[in-house]
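Notes to accompany the following structure.
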Amino acid sequence: HSLRMTIDLGDPTPEPDWPEGIDVRSFRQGDGRAFYDAQQESFADSWEPVEETFERWSHWGLESSAFDPELWFLASEGAETAGFAICTRRSGDPETATVRLLGVRRPWRRRGLGRALLLHAFGEFRRRGFRRASLGVDAESLTGAHKLYESVGMRVERRFDIYEKAAS
């Protein structure tokens, strides 16, 4: 199952509570590899990990007309990338921002970093005048991501059932 979740940004959400030692900033020139590597590691245990080259990832992410470096957030501890959020404006809906990808590398999981990144994104969306935020999530994620999203006030807008035919 896959879920489309949404939140009305007029509703208050808490300020991010960053784990000790974590800094966050927007994308800077040369950050592409850090985002790519963190994404590959963070989603390696998903039901269908996407294994693509950096060049292909860069083409669809950094060279896309939807790329807005101010909506790409990188969390780090010292020189180590801990997590990231890649966000965009929803195509065809200027009032909605989308969290395309949110990932935390394994050593930083279960410390509140994913929640802090999500709340940070919501704050930036509000500052930019977005009225809603949405995201897609695997309802059976091994990390329990949908529970995190519910805990900050997101609700299920749509549910998609995915079927796969077994090879014979």
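Within each chain, counting starts at residue 1; across the structure tokens, chains are named A, B, ... in the order shown, with ligands numbered 1 upward in that order.
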
Exercise for review: Excluding Glu124 in chain A and any residue of its chain fewer than 4 positions from it, enumerate the residues within 8 Å of it, using only C-alpha atoms, and give them as a VMD selection string.
Suggested key: chain A and resid 71 120 128

Check your understanding: Which is closer to Arg126 in chain A than all the others in A:Thr96, A:Ser42, A:Ser91, A:Ser64, using only C-alpha atoms?
Key -> A:Thr96

Check your understanding: So, counting only C-alpha atoms, which residue among A:Ala121, A:Ala145, A:Val24, A:Leu101 is closest to Leu9 in chain A?
Key ->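 So, comparing all the options, the nearest one is A:Ala121.
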
Point to revise | Test item, alpha helix (DSSP H) assignment across chain A, answer as a VMD selection string | key: chain A and resid 32 to 42 54 to 61 113 to 127 145 to 151

Practice item. Please provide the set of residues having any atom within 12 Å of Gln29 in chain A, restricted to only C-alpha atoms, with same-chain residues fewer than 3 positions apart removed, written as a ChimeraX atom specification. Key: /A:26,32-35,62,69-70,72

Practice item. To one decimal in Å, tell me the separation between CA of Glu20 in chain A and CA of Asp68 in chain A. Key: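 Value for the CA of Glu20 in chain A-CA of Asp68 in chain A distance: 27.7 Å.
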
**Study point:** Atom pair CA of His146 in chain A / CA of Arg115 in chain A: separation (Å)
**Key:**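 According to the coordinates, CA of His146 in chain A and CA of Arg115 in chain A are separated by 11.3 Å.
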
Check your understanding: For Thr13 in chain A, which residue among A:Glu41, A:Leu148, A:Phe130, A:Phe122 is the nearest when counting only C-alpha atoms?
Key ->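 Distance minimum relative to Thr13 in chain A lands on A:Phe122.
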
Exercise for review: Name the residues of range 11-55 of chain A that come out as strand (DSSP E or B) in a backbone DSSP run; write them as a PyMOL selection string.
Suggested key: chain A and resi 23-26

Study note, to complete from the structure: Counting only C-alpha atoms, closest pick from A:Thr98, A:Thr88, A:Ser168, A:Thr81 relative to Ala38 in chain A is A:Thr81

Point to revise | Contact residues around Pro16 in chain A with only C-alpha atoms at 9 Å, ignoring same-chain residues under 5 positions, as an MDAnalysis selection string | key: chainID A and resid 113 115:120 123

Point to revise | Closest of A:Ala167, A:Ala79, A:Leu74, A:Val104 to Ala44 in chain A - atom-to-atom distances counting only C-alpha atoms | key: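 Result for the nearest residue to Ala44 in chain A: A:Val104.
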